[in-house]
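Quick notes on the structure that follows.
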Protein chains: 2
Amino acid sequence: MALLALLVAVVGPTSLSGSDAVQAARAWRENQERAILDEFVGLLRLPNSAQDLAALRRNAQAIAGILERRGVRTRLLESSNAPPVVYGELATPGARQTITFYAHYDGHPAEPERWYTRGPFSPVLMSTALEAGGQPIPLPNPGWPSDPEWRLYARSAADDKAAIIAMAAALEALRQRQVPLEANLKFFIEGENEIGSPHLEPLLRAHRQLLASDLWLLVDGALPANRQQQLVFGARGWLALELTVYGPRRELDSAEFSNWSPNPALQLARLLASMRDETGKVLIEGFYRGVAPLSKAELEAIAQAPNYDLALKRELGLAETEGGSRTLAEAINQPALNIRGIAAGTVGAAAPRRIPALARASVEVHLVKGMDPRTTAARLAEHIRKQGFYVTDAEPGESLRRTYSRICRIEQEPALNPVRTPIELDVSQRVIAAVEKARGPVMKMPTGGPVPAMSAVAGILEAPVILVPIANHDGNQHSHNENLRLQNLWDGIEVLAALMALPAPGAPAQKSTLAAARSSP
Amino acid sequence: MALLALLVAVVGPTSLSGSDAVQAARAWRENQERAILDEFVGLLRLPNSAQDLAALRRNAQAIAGILERRGVRTRLLESSNAPPVVYGELATPGARQTITFYAHYDGHPAEPERWYTRGPFSPVLMSTALEAGGQPIPLPNPGWPSDPEWRLYARSAADDKAAIIAMAAALEALRQRQVPLEANLKFFIEGENEIGSPHLEPLLRAHRQLLASDLWLLVDGALPANRQQQLVFGARGWLALELTVYGPRRELDSAEFSNWSPNPALQLARLLASMRDETGKVLIEGFYRGVAPLSKAELEAIAQAPNYDLALKRELGLAETEGGSRTLAEAINQPALNIRGIAAGTVGAAAPRRIPALARASVEVHLVKGMDPRTTAARLAEHIRKQGFYVTDAEPGESLRRTYSRICRIEQEPALNPVRTPIELDVSQRVIAAVEKARGPVMKMPTGGPVPAMSAVAGILEAPVILVPIANHDGNQHSHNENLRLQNLWDGIEVLAALMALPAPGAPAQKSTLAAARSSP
């Protein structure tokens, strides 16, 4: 901290505003595009698939270096047998707020053979999207402008190394242009996002003090197809139950045993059918109990969300959607019960004439604020009991099988708590205002899909958490030919600069500018 | 026929009885065990898997030779791209009845790597069942008796080359001992049983005259565990419908689309659940309409069937069976609707969070006498329509998908008609009496599982057809380590000799003995 104090120069409270941060970021970026791309390409060359802990650690070390070069003091937060979290902090003297920026450096499995370009870890700049006839082009000469439609193809170009590079570039711009800040900044860059952040909760608990913040901003995900800047204020919780219904101990010849041996596939079909009605309404007793109503601001945000439902229905070949006139934006803000899959016996013309021995289904619940995964799981189990099943969490043995005519095993996966940061909060309003300075009107989503990091941060650190996507919607995240549209990176830098310069709550506060770390004594 | 007439010597009607046929078969066999086994081993050495038409033809030629050596005039009945049927006939002058003996020479897929012995086509004689510690032993010296528990291990040892060897040995014994016959004998040995006899129906139609018979005896299957001789007078029909229910055109992220996109897995679960109640009763309108009631003799036979239900329930780990107190023997004589399999999306902890694009189920119906597969399929389709589905037999295109919110594609496989030869028929009673002379009290089953050959013969030739199993129940038919217990072969020879010597209907008829074909001029 002593060093950091040296690195910042105190300036007067009226010196510069949030718009200045955006302008500074843009002006600086326009002169530094090649340098930004070089740093990005260097980071993308580092393989980052889960399991390869050594490779992941090389990513973490590179990112620590990138942040250190911007004056961020970093350390690696370790969990055993896991890639480290790159933690960084940059103190702003007199700041009354602390903001933590989250991103992740690990990538979805690479599948090198499926890439059209030279592979996941050989970044290629393309003149536009592959689907639009993009061709490989060299990086622009230093000082030469890029084309906004150029795209950088590589694993994690969009998800989520773009966020790291945008953070670094925003920091650099703010330092170089001496934009005053009103917040301490922290950085939390993890390496297990794509496998569900299994070590995140214990790590947050272990470093609760270190990670204390007034706001967490998760820079991840993708913008919608209309390219409007989006902020997501929540995440649905998630609960998955693997159900196994037991029939005869072994598959039986149906010619010999049908009408006599119970068929677990039919028992399971009846059970699943009992869980929802035809409109998608969940019939499990108490399922909706406790659901927090949406606030006026949240309802407004949902009503204002762009509606692509008709086009989507057409694209997806759907004559009707569930719940009739409910829009997709409304639907995602309500709890849902979904069947991920059913498996029993064999289908197809060549299927043997059998009564299956087992039938399995994967049932998942998307929870909204006010629902608790544990309570919901208990209600589901109770519902299954009410359908006549003996419920167990283990493989049933001889005596159970001979005692209960219907047995359902429930295996529960690690659940996620729902998160909803109220849009009405002062901090939410300040975030919206800051981002709107960079990108104009913002699309505000009260709830998005499940995000383990969001649930963990909200649940353990009890900090407001907001998701800030910057990548293009068509960047093939989680697939081959992942790519980032350059304009999304440039815009992202400005969004992050504005957020780093977020005004403190209440009255104007003392502001400080970031000094250039390397050039300081 | 002229030649055949030369080969038989007319004997008086009182010369010998059915018991004589059994005694003759036994006496002859006891002296010929090594010769019978040599012929059996030679036949088992011929690979006989489906697809290998050249190998199957070598089986057919060998069998034609085996029958010719017993004075049977043979020819191969051909279908294009199919193994031939070995057809044979042996006329009995003055006979007022014709009996056709059916068997098949093709085998279930061989899976050589799974055999404990030297492989499917390297027959090995074992001292007892493998599971009981059986060890390989040499074939007995000529004239030395075998042990009844010895087993011959090879593909088709039980299913169904034992039937062919038993027929040949019975014929030989009847010839050598000059037992008088009252029937013309025909033989029909096919090579496509294990793939569902796809060329059988057209072949029967093409050779209707040639194949005219008063009785077909299908020598196939296995005896029950108590080793009692069984006769099966019918086969349930069979109908399979592959159902596909359509959701969105592609799998969707459930975090984004649940509560909005229909889920075909749930639609299918509801559809399947609507088909049966909790007791197994089928809820499809008209499903049971037309079912022929069981006759007094059939009901008696069912009541007399040995009841292993309690032991089976225990073995299979079932607390309850469908339909409560209904026995297995009762259950198989009633129509059934079974789900062979369900497949939609993915199950398991690693399943992606998705709404499946398709859900499939394989629904099969086991039909009993009085039900027609076509009518039943139509009723099923109508039921599906009543559940709100648009029913099609093809992949739905754009406009169908956009018009109907529920679409179910039905693909129907070739169906089998149900068969039930009344136990009260004179010919049935004569068959029972003949077999009881060989093996004591017979277990009479009004209906067994689906048997394509039985359906085809009953449907096209309109002849009474009865299934005569001779193999041991634990012979691993359709699996690796298939085997035949030698006593089952010896018993089978006597059963077949008794059936070849079946008394003609009505008053005592003229009888003829078989002369030794080869030794005749």
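All residue names refer to the structure tokens as shown: chains lettered A, B, ... in order, residues numbered from 1 in each chain, ligands numbered from 1 in order.
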
Which chain A residues are at most 7 Å from chain B (counting only C-alpha atoms), as a VMD selection string?
-> chain A and resid 242 248 to 250 255 to 262 265 to 266 269 to 270 272 to 273 280 316 to 323 328 331 to 332 336 338 to 349 353 to 356 360 to 362 398 401 to 405 413 449 to 450

DSSP-assigned alpha helix (DSSP H) members of region 114-202 of chain A, reported as JSON, numbers by chain | {"A": [161, 162, 163, 164, 165, 166, 167, 168, 169, 170, 171, 172, 173, 174, 175, 176, 200, 201, 202]}

d(CA of Val442 (chain B), CA of Leu461 (chain B)) in Å =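 So the answer is 26.5 Å.
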
Tell me which protein, DNA and RNA residues are within 7 Å of Ala458 (chain A), counting only C-alpha atoms, leaving out same-chain ones fewer than 6 positions away, and put them as JSON, numbers by chain.
-> {"A": [419, 464, 465]}
